[in-house]
>>> print(open('query19.txt').read())   # compact mmCIF, C-alpha atoms and all ligand atoms
# COMPACT_ATOMS: atom_id res chain seq x y z
CA MET A 17 9.24 26.72 -11.15
CA ALA A 18 7.56 23.33 -11.63
CA PRO A 19 9.07 20.47 -9.58
CA ALA A 20 11.10 17.78 -11.37
CA PRO A 21 8.93 14.94 -12.70
CA LYS A 22 8.36 11.89 -10.49
CA ARG A 23 8.46 8.44 -12.05
CA VAL A 24 5.35 6.43 -11.20
CA LEU A 25 5.10 2.73 -12.10
CA VAL A 26 1.80 0.88 -12.53
CA THR A 27 2.19 -2.87 -13.00
CA GLY A 28 -0.68 -4.67 -14.70
CA ALA A 29 -1.38 -1.36 -16.44
CA ALA A 30 -3.32 -2.94 -19.32
CA GLY A 31 -5.84 -4.45 -16.91
CA GLN A 32 -9.07 -2.97 -15.70
CA ILE A 33 -7.72 -1.19 -12.60
CA GLY A 34 -4.79 0.05 -14.69
CA TYR A 35 -7.13 1.51 -17.31
CA ALA A 36 -9.05 3.42 -14.62
CA LEU A 37 -5.92 4.43 -12.70
CA VAL A 38 -3.52 5.83 -15.29
CA PRO A 39 -5.77 8.76 -16.32
CA MET A 40 -6.26 9.65 -12.64
CA ILE A 41 -2.48 9.72 -12.16
CA ALA A 42 -2.01 11.81 -15.31
CA ARG A 43 -4.65 14.28 -14.06
CA GLY A 44 -2.77 14.87 -10.79
CA HIS A 45 -4.98 12.86 -8.44
CA LEU A 46 -2.00 10.84 -7.15
CA LEU A 47 0.59 13.50 -6.33
CA GLY A 48 -1.29 16.76 -6.64
CA PRO A 49 -2.05 19.18 -9.47
CA ASP A 50 1.46 20.65 -9.75
CA GLN A 51 3.57 17.49 -9.82
CA PRO A 52 4.72 16.41 -13.32
CA ILE A 53 4.74 12.66 -13.88
CA ILE A 54 6.66 10.21 -16.03
CA LEU A 55 4.40 7.19 -16.16
CA HIS A 56 5.91 3.70 -16.33
CA MET A 57 3.45 0.97 -17.33
CA LEU A 58 4.32 -2.73 -17.12
CA ASP A 59 2.33 -5.68 -18.35
CA ILE A 60 3.10 -9.16 -19.67
CA PRO A 61 3.77 -9.95 -23.36
CA PRO A 62 0.22 -11.24 -24.15
CA ALA A 63 -1.07 -7.81 -23.09
CA ALA A 64 1.60 -5.82 -24.99
CA GLU A 65 -0.71 -4.59 -27.76
CA SER A 66 -3.39 -3.58 -25.35
CA LEU A 67 -0.77 -1.72 -23.31
CA GLU A 68 0.34 0.09 -26.46
CA GLY A 69 -3.30 1.11 -27.01
CA VAL A 70 -3.47 2.56 -23.48
CA LYS A 71 -0.30 4.53 -24.20
CA MET A 72 -1.86 5.90 -27.42
CA GLU A 73 -4.95 7.02 -25.51
CA LEU A 74 -2.85 8.70 -22.83
CA LEU A 75 -1.02 10.62 -25.55
CA ASP A 76 -4.31 11.57 -27.22
CA ALA A 77 -5.67 12.93 -23.94
CA ALA A 78 -2.80 15.49 -23.95
CA TYR A 79 -2.46 15.65 -20.15
CA PRO A 80 -0.34 18.68 -19.25
CA LEU A 81 1.27 16.92 -16.25
CA LEU A 82 2.35 13.88 -18.25
CA HIS A 83 6.01 14.40 -19.16
CA GLY A 84 6.70 10.94 -20.53
CA ILE A 85 5.39 7.39 -20.87
CA VAL A 86 7.33 4.14 -20.65
CA ALA A 87 5.07 1.26 -21.75
CA THR A 88 6.91 -2.01 -21.59
CA THR A 89 6.87 -5.73 -20.91
CA ASP A 90 10.47 -5.56 -19.71
CA VAL A 91 10.66 -5.65 -15.92
CA THR A 92 14.06 -3.92 -15.73
CA GLU A 93 12.94 -1.03 -17.93
CA ALA A 94 9.70 -0.74 -15.99
CA PHE A 95 11.30 -0.51 -12.54
CA THR A 96 14.29 1.67 -13.42
CA GLY A 97 14.36 4.89 -11.41
CA VAL A 98 10.76 4.75 -10.18
CA ASP A 99 9.81 6.86 -7.16
CA ILE A 100 6.38 5.28 -6.63
CA ALA A 101 5.51 1.67 -7.51
CA ILE A 102 1.83 0.72 -7.68
CA MET A 103 1.70 -3.05 -7.87
CA VAL A 104 -1.56 -4.03 -9.55
CA GLY A 105 -0.24 -6.77 -11.86
CA GLY A 106 -1.67 -10.19 -11.16
CA PHE A 107 -4.90 -12.06 -11.42
CA PRO A 108 -8.23 -11.08 -9.90
CA ARG A 109 -10.58 -13.67 -8.52
CA LYS A 110 -13.71 -14.24 -10.56
CA GLN A 111 -17.17 -15.20 -9.40
CA GLY A 112 -17.06 -18.57 -7.68
CA MET A 113 -13.29 -18.73 -7.81
CA GLU A 114 -11.29 -20.20 -4.94
CA ARG A 115 -9.10 -17.76 -3.10
CA LYS A 116 -6.04 -19.96 -3.04
CA GLU A 117 -5.98 -20.05 -6.86
CA VAL A 118 -5.27 -16.30 -6.86
CA MET A 119 -2.80 -16.60 -4.01
CA GLY A 120 -0.78 -19.30 -5.74
CA LYS A 121 -0.40 -17.29 -8.96
CA ASN A 122 0.06 -13.83 -7.52
CA VAL A 123 2.52 -14.55 -4.74
CA SER A 124 4.97 -16.01 -7.27
CA ILE A 125 4.72 -12.80 -9.36
CA TYR A 126 5.64 -10.74 -6.29
CA LYS A 127 8.59 -12.94 -5.46
CA ALA A 128 9.83 -12.56 -9.03
CA GLN A 129 9.39 -8.77 -9.20
CA ALA A 130 10.98 -8.04 -5.80
CA SER A 131 14.52 -8.28 -7.14
CA ALA A 132 13.80 -5.76 -9.92
CA LEU A 133 12.28 -3.44 -7.35
CA ALA A 134 15.35 -3.73 -5.11
CA LYS A 135 17.87 -3.36 -7.94
CA PHE A 136 16.40 -0.77 -10.26
CA ALA A 137 13.89 1.44 -8.41
CA SER A 138 14.89 4.64 -6.60
CA LYS A 139 16.36 3.78 -3.18
CA ASP A 140 13.50 5.60 -1.45
CA VAL A 141 10.79 4.10 -3.66
CA LYS A 142 7.33 4.06 -2.05
CA VAL A 143 5.35 0.91 -2.83
CA VAL A 144 1.66 0.14 -2.60
CA VAL A 145 0.50 -3.40 -3.34
CA VAL A 146 -3.00 -3.71 -4.76
CA ALA A 147 -3.06 -7.23 -6.23
CA ASN A 148 -4.62 -9.86 -4.01
CA PRO A 149 -3.86 -11.20 -1.52
CA ALA A 150 -2.59 -7.69 -0.91
CA ASN A 151 -1.18 -8.08 2.63
CA THR A 152 0.57 -11.32 1.70
CA ASN A 153 2.03 -9.94 -1.54
CA ALA A 154 3.35 -6.92 0.38
CA LEU A 155 4.87 -9.24 2.98
CA VAL A 156 6.59 -11.17 0.18
CA LEU A 157 7.97 -7.91 -1.28
CA LYS A 158 9.15 -6.81 2.14
CA ALA A 159 10.90 -10.11 2.86
CA SER A 160 12.50 -10.26 -0.58
CA THR A 161 13.82 -6.67 -0.59
CA GLU A 162 15.16 -6.63 2.98
CA GLY A 163 18.40 -4.64 3.21
CA ASN A 164 17.66 -2.78 -0.04
CA ILE A 165 14.30 -1.14 0.55
CA CYS A 166 13.17 0.23 3.87
CA PRO A 167 10.27 -1.96 5.12
CA LYS A 168 8.38 1.25 5.99
CA ASN A 169 8.22 1.97 2.24
CA ILE A 170 6.20 -1.17 1.49
CA THR A 171 2.46 -0.90 2.07
CA CYS A 172 -0.74 -2.49 0.86
CA LEU A 173 -4.09 -1.02 -0.06
CA THR A 174 -6.85 -1.10 2.55
CA ARG A 175 -7.97 2.42 1.68
CA LEU A 176 -10.71 0.95 -0.52
CA ASP A 177 -12.18 -0.75 2.58
CA HIS A 178 -11.75 2.51 4.53
CA ASN A 179 -13.58 4.44 1.80
CA ARG A 180 -16.32 1.81 1.68
CA ALA A 181 -16.86 2.28 5.41
CA LEU A 182 -17.01 6.09 5.05
CA ALA A 183 -19.50 5.75 2.21
CA GLN A 184 -21.79 3.35 4.08
CA ILE A 185 -22.02 5.70 7.06
CA ALA A 186 -22.54 8.73 4.80
CA GLU A 187 -25.31 6.95 2.87
CA ARG A 188 -27.02 5.88 6.07
CA LEU A 189 -27.02 9.44 7.47
CA GLY A 190 -27.74 11.30 4.22
CA VAL A 191 -24.45 13.22 4.24
CA THR A 192 -21.42 13.02 1.93
CA SER A 193 -18.34 10.91 2.66
CA LYS A 194 -16.39 14.16 3.23
CA ASP A 195 -18.50 14.67 6.35
CA VAL A 196 -17.39 11.34 7.85
CA LYS A 197 -13.90 10.84 9.27
CA ASN A 198 -11.65 8.63 11.33
CA VAL A 199 -13.08 5.19 10.68
CA ILE A 200 -10.43 2.45 10.86
CA ILE A 201 -9.80 -0.76 8.98
CA TRP A 202 -7.88 -3.19 11.20
CA GLY A 203 -6.15 -6.22 9.73
CA ASN A 204 -6.26 -7.75 6.29
CA HIS A 205 -7.83 -6.77 3.00
CA SER A 206 -10.13 -9.75 3.36
CA SER A 207 -13.27 -10.76 5.18
CA THR A 208 -11.26 -11.08 8.41
CA GLN A 209 -10.81 -7.29 8.55
CA TYR A 210 -12.54 -5.26 11.25
CA PRO A 211 -14.14 -2.01 10.03
CA ASP A 212 -14.23 0.13 13.18
CA VAL A 213 -16.45 3.19 13.65
CA ASN A 214 -15.84 3.52 17.37
CA HIS A 215 -13.46 6.50 17.08
CA GLY A 216 -15.13 8.06 14.04
CA THR A 217 -17.14 11.25 13.76
CA VAL A 218 -19.66 12.69 11.34
CA THR A 219 -20.68 16.29 10.71
CA LEU A 220 -24.47 16.50 10.46
CA ALA A 221 -26.82 19.18 9.14
CA ASP A 222 -26.49 21.07 12.44
CA GLY A 223 -22.86 21.77 11.47
CA LYS A 224 -21.60 19.89 14.54
CA GLU A 225 -19.34 16.86 14.77
CA HIS A 226 -21.01 13.81 16.32
CA ASN A 227 -19.68 10.44 17.32
CA ILE A 228 -20.73 7.99 14.56
CA ARG A 229 -22.39 5.63 17.05
CA ASP A 230 -24.53 8.44 18.48
CA ALA A 231 -25.44 9.77 15.04
CA VAL A 232 -26.41 6.38 13.60
CA SER A 233 -28.15 5.40 16.80
CA ASP A 234 -28.47 1.78 15.73
CA ASP A 235 -25.80 -0.38 17.35
CA ALA A 236 -27.36 -3.55 15.99
CA TRP A 237 -26.77 -2.33 12.41
CA LEU A 238 -23.28 -1.02 13.16
CA ASN A 239 -22.22 -4.21 14.92
CA ASP A 240 -23.51 -6.60 12.30
CA GLU A 241 -24.80 -5.56 8.88
CA PHE A 242 -22.44 -2.59 8.43
CA ILE A 243 -19.41 -4.77 9.22
CA LYS A 244 -20.53 -7.51 6.85
CA ILE A 245 -21.27 -5.05 4.03
CA VAL A 246 -17.74 -3.62 4.21
CA GLN A 247 -16.07 -7.02 4.66
CA GLN A 248 -17.97 -8.56 1.72
CA ARG A 249 -18.14 -5.57 -0.62
CA GLY A 250 -15.54 -6.97 -3.03
CA ALA A 251 -17.57 -10.14 -3.52
CA ALA A 252 -20.80 -8.14 -3.90
CA ILE A 253 -19.22 -6.08 -6.72
CA ILE A 254 -18.00 -9.24 -8.46
CA ASN A 255 -21.51 -10.71 -8.27
CA LYS A 256 -22.94 -7.64 -10.01
CA ARG A 257 -20.19 -6.78 -12.51
CA LYS A 258 -18.78 -10.25 -13.04
CA LEU A 259 -15.48 -8.41 -12.68
CA SER A 260 -13.82 -7.13 -9.54
CA SER A 261 -13.93 -3.49 -8.49
CA ALA A 262 -11.80 -1.23 -10.64
CA LEU A 263 -12.74 2.45 -10.56
CA SER A 264 -13.13 2.45 -6.79
CA ALA A 265 -9.85 0.57 -6.40
CA ALA A 266 -8.06 3.05 -8.69
CA SER A 267 -9.50 6.05 -6.86
CA SER A 268 -8.51 4.58 -3.49
CA VAL A 269 -4.94 4.00 -4.71
CA CYS A 270 -4.75 7.73 -5.47
CA ASP A 271 -6.10 8.54 -1.99
CA HIS A 272 -3.56 6.17 -0.38
CA VAL A 273 -0.52 7.56 -2.18
CA ARG A 274 -1.63 11.21 -2.04
CA ASP A 275 -2.21 11.08 1.71
CA TRP A 276 1.07 9.22 2.23
CA MET A 277 3.11 11.74 0.25
CA LEU A 278 1.24 14.95 1.00
CA GLY A 279 0.05 14.22 4.56
CA THR A 280 -3.19 13.62 6.42
CA ALA A 281 -5.14 16.63 7.66
CA GLU A 282 -4.75 17.71 11.29
CA GLY A 283 -6.88 15.54 13.57
CA THR A 284 -7.56 12.84 10.98
CA TRP A 285 -6.07 9.51 10.14
CA THR A 286 -6.48 7.01 7.34
CA SER A 287 -6.08 3.23 7.06
CA MET A 288 -3.02 1.68 5.42
CA GLY A 289 -1.64 -1.83 5.36
CA VAL A 290 1.86 -1.33 6.83
CA VAL A 291 4.58 -3.41 8.44
CA SER A 292 3.56 -3.90 12.06
CA ASP A 293 5.86 -2.71 14.84
CA GLY A 294 3.87 -4.81 17.30
CA SER A 295 1.32 -2.07 18.02
CA TYR A 296 -2.06 -3.22 19.31
CA GLY A 297 -0.74 -6.77 19.64
CA ALA A 298 -0.30 -7.30 15.88
CA PRO A 299 2.91 -9.38 15.58
CA ALA A 300 5.89 -7.26 14.52
CA GLY A 301 6.79 -7.77 10.87
CA VAL A 302 3.38 -8.76 9.49
CA VAL A 303 1.61 -6.43 7.06
CA TYR A 304 -1.48 -5.24 8.87
CA SER A 305 -3.92 -2.38 8.38
CA PHE A 306 -3.77 0.25 11.13
CA PRO A 307 -4.97 3.81 11.58
CA VAL A 308 -2.06 5.98 10.42
CA THR A 309 -1.25 9.66 10.22
CA THR A 310 1.20 10.81 7.58
CA LYS A 311 3.59 13.71 7.11
CA ASP A 312 6.36 14.35 4.56
CA GLY A 313 6.14 10.85 3.10
CA GLU A 314 6.29 9.07 6.49
CA TRP A 315 3.45 7.19 8.15
CA THR A 316 2.99 6.77 11.90
CA ILE A 317 0.61 4.34 13.56
CA GLN A 318 -1.93 6.32 15.55
CA SER A 319 -1.57 5.24 19.14
CA GLY A 320 -4.00 5.25 22.00
CA MET A 321 -7.00 3.70 20.30
CA LEU A 322 -9.06 1.07 21.98
CA CYS A 323 -8.82 -1.69 19.42
CA HIS A 324 -12.24 -3.29 19.09
CA TYR A 325 -11.06 -6.83 19.60
CA GLN A 326 -9.10 -5.86 22.69
CA SER A 327 -12.30 -4.53 24.14
CA SER A 328 -14.28 -7.61 23.15
CA SER A 329 -15.10 -10.38 25.59
CA ASP A 330 -13.11 -12.88 23.52
CA VAL A 331 -9.87 -12.32 25.41
CA SER A 332 -8.41 -15.60 24.20
CA ASN A 333 -8.35 -14.25 20.64
CA PRO A 334 -8.04 -10.49 21.05
CA LEU A 335 -7.32 -9.53 17.46
CA GLY A 336 -8.70 -12.56 15.66
CA TRP A 337 -5.11 -13.77 15.26
CA THR A 338 -5.96 -17.20 13.95
CA ALA A 339 -7.48 -15.69 10.84
CA VAL A 340 -4.80 -13.02 10.48
CA ARG A 341 -1.95 -15.49 10.76
CA GLN A 342 -3.54 -17.78 8.20
CA ASP A 343 -3.88 -14.91 5.74
CA GLN A 344 -0.22 -13.94 6.17
CA ASP A 345 0.85 -17.48 5.43
CA GLU A 346 1.35 -18.34 1.81
CA GLY A 347 0.23 -21.92 2.34
CA ASP A 348 -2.97 -21.17 4.20
CA GLU A 349 -6.20 -23.05 3.81
CA ASP A 350 -8.88 -21.25 1.82
CA GLU A 351 -11.68 -19.91 3.96
CA GLY A 352 -14.20 -20.41 1.17
CA ASP A 353 -15.01 -16.73 0.61
CA GLY A 354 -12.32 -16.41 -2.03
CA ASP A 355 -11.76 -12.73 -1.34
CA GLY A 356 -8.00 -12.50 -1.06
CA GLY A 357 -6.24 -10.89 1.87
P1 LIG A 401 -7.03 -7.50 -14.56
O1 LIG A 401 -6.95 -8.95 -14.86
O2 LIG A 401 -8.01 -6.68 -15.30
O3 LIG A 401 -5.59 -6.83 -14.77
C1 LIG A 401 -4.43 -7.37 -14.23
C2 LIG A 401 -3.31 -7.10 -15.21
O4 LIG A 401 -2.11 -7.63 -14.65
C3 LIG A 401 -3.50 -7.78 -16.57
O5 LIG A 401 -3.35 -6.83 -17.62
C4 LIG A 401 -2.40 -8.84 -16.60
O6 LIG A 401 -1.89 -9.06 -17.92
C5 LIG A 401 -1.36 -8.16 -15.72
N1 LIG A 401 -0.34 -9.07 -15.20
C6 LIG A 401 -0.43 -10.40 -14.91
N2 LIG A 401 0.75 -10.88 -14.51
C7 LIG A 401 1.61 -9.83 -14.52
C8 LIG A 401 2.98 -9.70 -14.23
N3 LIG A 401 3.72 -10.74 -13.85
N4 LIG A 401 3.54 -8.47 -14.38
C9 LIG A 401 2.82 -7.42 -14.79
N5 LIG A 401 1.53 -7.48 -15.10
C10 LIG A 401 0.93 -8.68 -14.97
O7 LIG A 401 -7.23 -7.38 -12.98
P2 LIG A 401 -7.69 -6.09 -12.14
O8 LIG A 401 -9.16 -6.10 -12.03
O9 LIG A 401 -7.00 -4.89 -12.70
O10 LIG A 401 -7.13 -6.47 -10.70
C11 LIG A 401 -5.75 -6.56 -10.44
C12 LIG A 401 -5.50 -7.11 -9.04
O11 LIG A 401 -5.96 -6.17 -8.05
C13 LIG A 401 -6.23 -8.41 -8.72
O12 LIG A 401 -5.36 -9.25 -7.98
C14 LIG A 401 -7.41 -7.96 -7.88
O13 LIG A 401 -7.91 -9.00 -7.08
C15 LIG A 401 -6.76 -6.87 -7.07
N6 LIG A 401 -7.65 -5.90 -6.43
C16 LIG A 401 -7.28 -5.44 -5.20
C17 LIG A 401 -8.04 -4.47 -4.55
C18 LIG A 401 -7.63 -3.94 -3.21
O14 LIG A 401 -8.40 -3.14 -2.62
N7 LIG A 401 -6.48 -4.28 -2.65
C19 LIG A 401 -9.19 -3.98 -5.18
C20 LIG A 401 -9.55 -4.46 -6.43
C21 LIG A 401 -8.76 -5.44 -7.05
C1 LIG A 402 -12.10 -5.78 -3.68
O1 LIG A 402 -12.10 -5.65 -2.46
O2 LIG A 402 -12.96 -5.27 -4.41
C2 LIG A 402 -10.96 -6.54 -4.33
O3 LIG A 402 -10.12 -7.10 -3.37
C3 LIG A 402 -11.42 -7.53 -5.34
C4 LIG A 402 -12.00 -8.78 -4.73
O4 LIG A 402 -11.61 -9.88 -5.15
O5 LIG A 402 -12.87 -8.68 -3.85
>>> encode(input="query19.txt", output="structure tokens")
Amino acid sequence: MAPAPKRVLVTGAAGQIGYALVPMIARGHLLGPDQPIILHMLDIPPAAESLEGVKMELLDAAYPLLHGIVATTDVTEAFTGVDIAIMVGGFPRKQGMERKEVMGKNVSIYKAQASALAKFASKDVKVVVVANPANTNALVLKASTEGNICPKNITCLTRLDHNRALAQIAERLGVTSKDVKNVIIWGNHSSTQYPDVNHGTVTLADGKEHNIRDAVSDDAWLNDEFIKIVQQRGAAIINKRKLSSALSAASSVCDHVRDWMLGTAEGTWTSMGVVSDGSYGAPAGVVYSFPVTTKDGEWTIQSGMLCHYQSSSDVSNPLGWTAVRQDQDEGDEDEGDGDGG
């Protein structure tokens, strides 16, 4: 017998990530090929007609898993009974835009929507924040839903950065991203993040698993250009498309939620922005990207790694805390790269 439908909310569903994401959800990429979905889509009144058009297209695509669509500009209706909330609604930065402009607008949206989340969503709702600054918006949701929603259920998306790191290594070695595993994104979805290959492996043409550093055999590239490419990829996409990444963001949201709900494979971990328990020196309570394993809808921070910054010679600033703390703080000074965090 088919399982009961799950209610999945996408906020900002009429936007460009929303348009890429909702067909992926309806096709089963979020919760697997057997899980029926009732899709809730929220946007603001100026986007109501466009949202209605997206709903019409979803109907026309006749997705077998799609058991219902709620397309609305009413926050209460949107959040009622949802099991998964994908928070995309907000404003993207544009080319040349200051980062704090996005932060100012988007953080207030997350403050406003937190009460609807706490009041009307399922008590065990799982939340992933996509809108920038993603870590900060998730922190705002966590703080504003305390006592109603378990902080462990509020996460932010750093899986796009994780996937970017996998793809860069795969491209460099002429393999597919499936052959690369266990990279880590530490920190914020911003240019202060640290993409870490030091625990990662790659399966090469010989069929054997190799340490990424040995396989690449170019520490200079791994320690410099690779890190910058991953850290700055969002800006590079905006420079080319004049719009921020959308299909890759949507696909990574599906990877994030699917792994969270269905579990990571034995011996592998992924990267998720989660509420810190103080692991690796990240202050307890901040939303920080760690390596996590998942099982039955629960994530666990993978312990026992040597965090790159802890092994660096800069012992006075082991995890780059100055930058991380600034990004967690709503009133921070813009760093000039405008990339959110
Ligand atoms: P977009 O402008 O195309 O779409 C955003 C949608 O949100 C619009 O339809 C807008 O009407 C809607 N919206 C605005 N305020 C809202 C509110 N209060 N409630 C509900 N909906 C609201 O933008 P996009 O390209 O889809 O990007 C969305 C966000 O995701 C941006 O903040 C962007 O920077 C961020 N992003 C994050 C990642 C990541 O990896 N974390 C990746 C890509 C983009
Ligand atoms: C990304 O990483 O692509 C997004 O955060 C969009 C951006 O502003 O860079």
>>> closest_atom_pairs(input="query19.txt", of="chain A", to="ligand LIG 402 (chain A)", cutoff="9 Å", atoms="all atoms listed in the file", output="JSON lines")
{"residue": "A:Pro108", "atom": "CA", "partner": "A:LIG402", "partner_atom": "O4", "distance": 6.0}
{"residue": "A:Arg109", "atom": "CA", "partner": "A:LIG402", "partner_atom": "O4", "distance": 5.2}
{"residue": "A:Lys110", "atom": "CA", "partner": "A:LIG402", "partner_atom": "O4", "distance": 7.3}
{"residue": "A:Gln111", "atom": "CA", "partner": "A:LIG402", "partner_atom": "O4", "distance": 8.8}
{"residue": "A:Arg115", "atom": "CA", "partner": "A:LIG402", "partner_atom": "O4", "distance": 8.5}
{"residue": "A:Val146", "atom": "CA", "partner": "A:LIG402", "partner_atom": "O3", "distance": 8.0}
{"residue": "A:Ala147", "atom": "CA", "partner": "A:LIG402", "partner_atom": "O3", "distance": 7.6}
{"residue": "A:Asn148", "atom": "CA", "partner": "A:LIG402", "partner_atom": "O3", "distance": 6.2}
{"residue": "A:Pro149", "atom": "CA", "partner": "A:LIG402", "partner_atom": "O3", "distance": 7.7}
{"residue": "A:Ala150", "atom": "CA", "partner": "A:LIG402", "partner_atom": "O3", "distance": 7.9}
{"residue": "A:Thr174", "atom": "CA", "partner": "A:LIG402", "partner_atom": "O1", "distance": 8.6}
{"residue": "A:Leu176", "atom": "CA", "partner": "A:LIG402", "partner_atom": "O1", "distance": 7.0}
{"residue": "A:Asp177", "atom": "CA", "partner": "A:LIG402", "partner_atom": "O1", "distance": 7.0}
{"residue": "A:His205", "atom": "CA", "partner": "A:LIG402", "partner_atom": "O3", "distance": 6.8}
{"residue": "A:Ser206", "atom": "CA", "partner": "A:LIG402", "partner_atom": "O3", "distance": 7.2}
{"residue": "A:Val246", "atom": "CA", "partner": "A:LIG402", "partner_atom": "O1", "distance": 9.0}
{"residue": "A:Gln247", "atom": "CA", "partner": "A:LIG402", "partner_atom": "O1", "distance": 8.3}
{"residue": "A:Gln248", "atom": "CA", "partner": "A:LIG402", "partner_atom": "O5", "distance": 7.6}
{"residue": "A:Arg249", "atom": "CA", "partner": "A:LIG402", "partner_atom": "O1", "distance": 6.3}
{"residue": "A:Gly250", "atom": "CA", "partner": "A:LIG402", "partner_atom": "O5", "distance": 3.3}
{"residue": "A:Ala251", "atom": "CA", "partner": "A:LIG402", "partner_atom": "O5", "distance": 4.9}
{"residue": "A:Ala252", "atom": "CA", "partner": "A:LIG402", "partner_atom": "O5", "distance": 7.9}
{"residue": "A:Ile253", "atom": "CA", "partner": "A:LIG402", "partner_atom": "O2", "distance": 6.7}
{"residue": "A:Ile254", "atom": "CA", "partner": "A:LIG402", "partner_atom": "O5", "distance": 6.9}
{"residue": "A:Leu259", "atom": "CA", "partner": "A:LIG402", "partner_atom": "C3", "distance": 8.4}
{"residue": "A:Ser260", "atom": "CA", "partner": "A:LIG402", "partner_atom": "C3", "distance": 4.9}
{"residue": "A:Ser261", "atom": "CA", "partner": "A:LIG402", "partner_atom": "O2", "distance": 4.6}
{"residue": "A:Ala262", "atom": "CA", "partner": "A:LIG402", "partner_atom": "O2", "distance": 7.5}
{"residue": "A:Ser264", "atom": "CA", "partner": "A:LIG402", "partner_atom": "O2", "distance": 8.1}
{"residue": "A:Ala265", "atom": "CA", "partner": "A:LIG402", "partner_atom": "O2", "distance": 6.9}
{"residue": "A:Gly354", "atom": "CA", "partner": "A:LIG402", "partner_atom": "O4", "distance": 7.3}
{"residue": "A:Asp355", "atom": "CA", "partner": "A:LIG402", "partner_atom": "O4", "distance": 4.8}
{"residue": "A:Gly356", "atom": "CA", "partner": "A:LIG402", "partner_atom": "O4", "distance": 6.1}
{"residue": "A:Gly357", "atom": "CA", "partner": "A:LIG402", "partner_atom": "O3", "distance": 7.5}
>>> residues_near_point(input="query19.txt", point="(-10.8, 1.9, -11.2)", cutoff="10 Å", atoms="all atoms listed in the file", output="list in words")
Gly31, Gln32, Ile33, Gly34, Tyr35, Ala36, Leu37, Val38, Pro39, Met40, Ser260, Ser261, Ala262, Leu263, Ser264, Ala265, Ala266, Ser267, Ser268 and Val269 of chain A
>>> write_last_selection(input="query19.txt", atoms="C-alpha atoms", output="mmCIF file, in the coordinates of the input")
data_model
loop_
_atom_site.group_PDB
_atom_site.id
_atom_site.type_symbol
_atom_site.label_atom_id
_atom_site.label_comp_id
_atom_site.auth_asym_id
_atom_site.auth_seq_id
_atom_site.Cartn_x
_atom_site.Cartn_y
_atom_site.Cartn_z
ATOM 1 C CA GLY A 31 -5.840 -4.450 -16.910
ATOM 2 C CA GLN A 32 -9.070 -2.970 -15.700
ATOM 3 C CA ILE A 33 -7.720 -1.190 -12.600
ATOM 4 C CA GLY A 34 -4.790 0.050 -14.690
ATOM 5 C CA TYR A 35 -7.130 1.510 -17.310
ATOM 6 C CA ALA A 36 -9.050 3.420 -14.620
ATOM 7 C CA LEU A 37 -5.920 4.430 -12.700
ATOM 8 C CA VAL A 38 -3.520 5.830 -15.290
ATOM 9 C CA PRO A 39 -5.770 8.760 -16.320
ATOM 10 C CA MET A 40 -6.260 9.650 -12.640
ATOM 11 C CA SER A 260 -13.820 -7.130 -9.540
ATOM 12 C CA SER A 261 -13.930 -3.490 -8.490
ATOM 13 C CA ALA A 262 -11.800 -1.230 -10.640
ATOM 14 C CA LEU A 263 -12.740 2.450 -10.560
ATOM 15 C CA SER A 264 -13.130 2.450 -6.790
ATOM 16 C CA ALA A 265 -9.850 0.570 -6.400
ATOM 17 C CA ALA A 266 -8.060 3.050 -8.690
ATOM 18 C CA SER A 267 -9.500 6.050 -6.860
ATOM 19 C CA SER A 268 -8.510 4.580 -3.490
ATOM 20 C CA VAL A 269 -4.940 4.000 -4.710
#
>>> axis_aligned_box(input="query19.txt", around="ligand LIG 401 (chain A)", padding_each_side="5 Å", output="lines of an AutoDock Vina configuration file")
center_x = -2.9
center_y = -7.0
center_z = -10.3
size_x = 23.3
size_y = 17.7
size_z = 25.3
>>> closest_residue(input="query19.txt", among="A:Ala20, A:Val302, A:Met277, A:Val118", to="ligand LIG 401 (chain A)", atoms="all atoms listed in the file")
A:Val118
>>> closest_residue(input="query19.txt", among="A:Thr171, A:Thr219, A:Thr96, A:Thr161", to="ligand LIG 401 (chain A)", atoms="all atoms listed in the file")
A:Thr171
>>> closest_residue(input="query19.txt", among="A:Asn239, A:Thr27, A:Asn169, A:Thr152", to="Asp212 (chain A)", atoms="all atoms listed in the file")
A:Asn239
>>> build_atoms(input="query19.txt", residues="region 312-317 of chain A", atoms="N, CA and C atoms", output="PDB file, keeping the file's coordinate frame")
ATOM      1  N   ASP A 312       5.101  14.354   5.331  1.00  0.00           N
ATOM      2  CA  ASP A 312       6.360  14.350   4.560  1.00  0.00           C
ATOM      3  C   ASP A 312       6.765  12.950   4.097  1.00  0.00           C
ATOM      4  N   GLY A 313       5.812  12.175   3.637  1.00  0.00           N
ATOM      5  CA  GLY A 313       6.140  10.850   3.100  1.00  0.00           C
ATOM      6  C   GLY A 313       6.404   9.784   4.147  1.00  0.00           C
ATOM      7  N   GLU A 314       6.088  10.071   5.411  1.00  0.00           N
ATOM      8  CA  GLU A 314       6.290   9.070   6.490  1.00  0.00           C
ATOM      9  C   GLU A 314       4.945   8.782   7.138  1.00  0.00           C
ATOM     10  N   TRP A 315       4.662   7.520   7.405  1.00  0.00           N
ATOM     11  CA  TRP A 315       3.450   7.190   8.150  1.00  0.00           C
ATOM     12  C   TRP A 315       3.795   6.845   9.594  1.00  0.00           C
ATOM     13  N   THR A 316       2.830   7.097  10.478  1.00  0.00           N
ATOM     14  CA  THR A 316       2.990   6.770  11.900  1.00  0.00           C
ATOM     15  C   THR A 316       1.691   6.113  12.359  1.00  0.00           C
ATOM     16  N   ILE A 317       1.817   4.988  13.036  1.00  0.00           N
ATOM     17  CA  ILE A 317       0.610   4.340  13.560  1.00  0.00           C
ATOM     18  C   ILE A 317       0.027   5.209  14.669  1.00  0.00           C
TER      19      ILE A 317
END
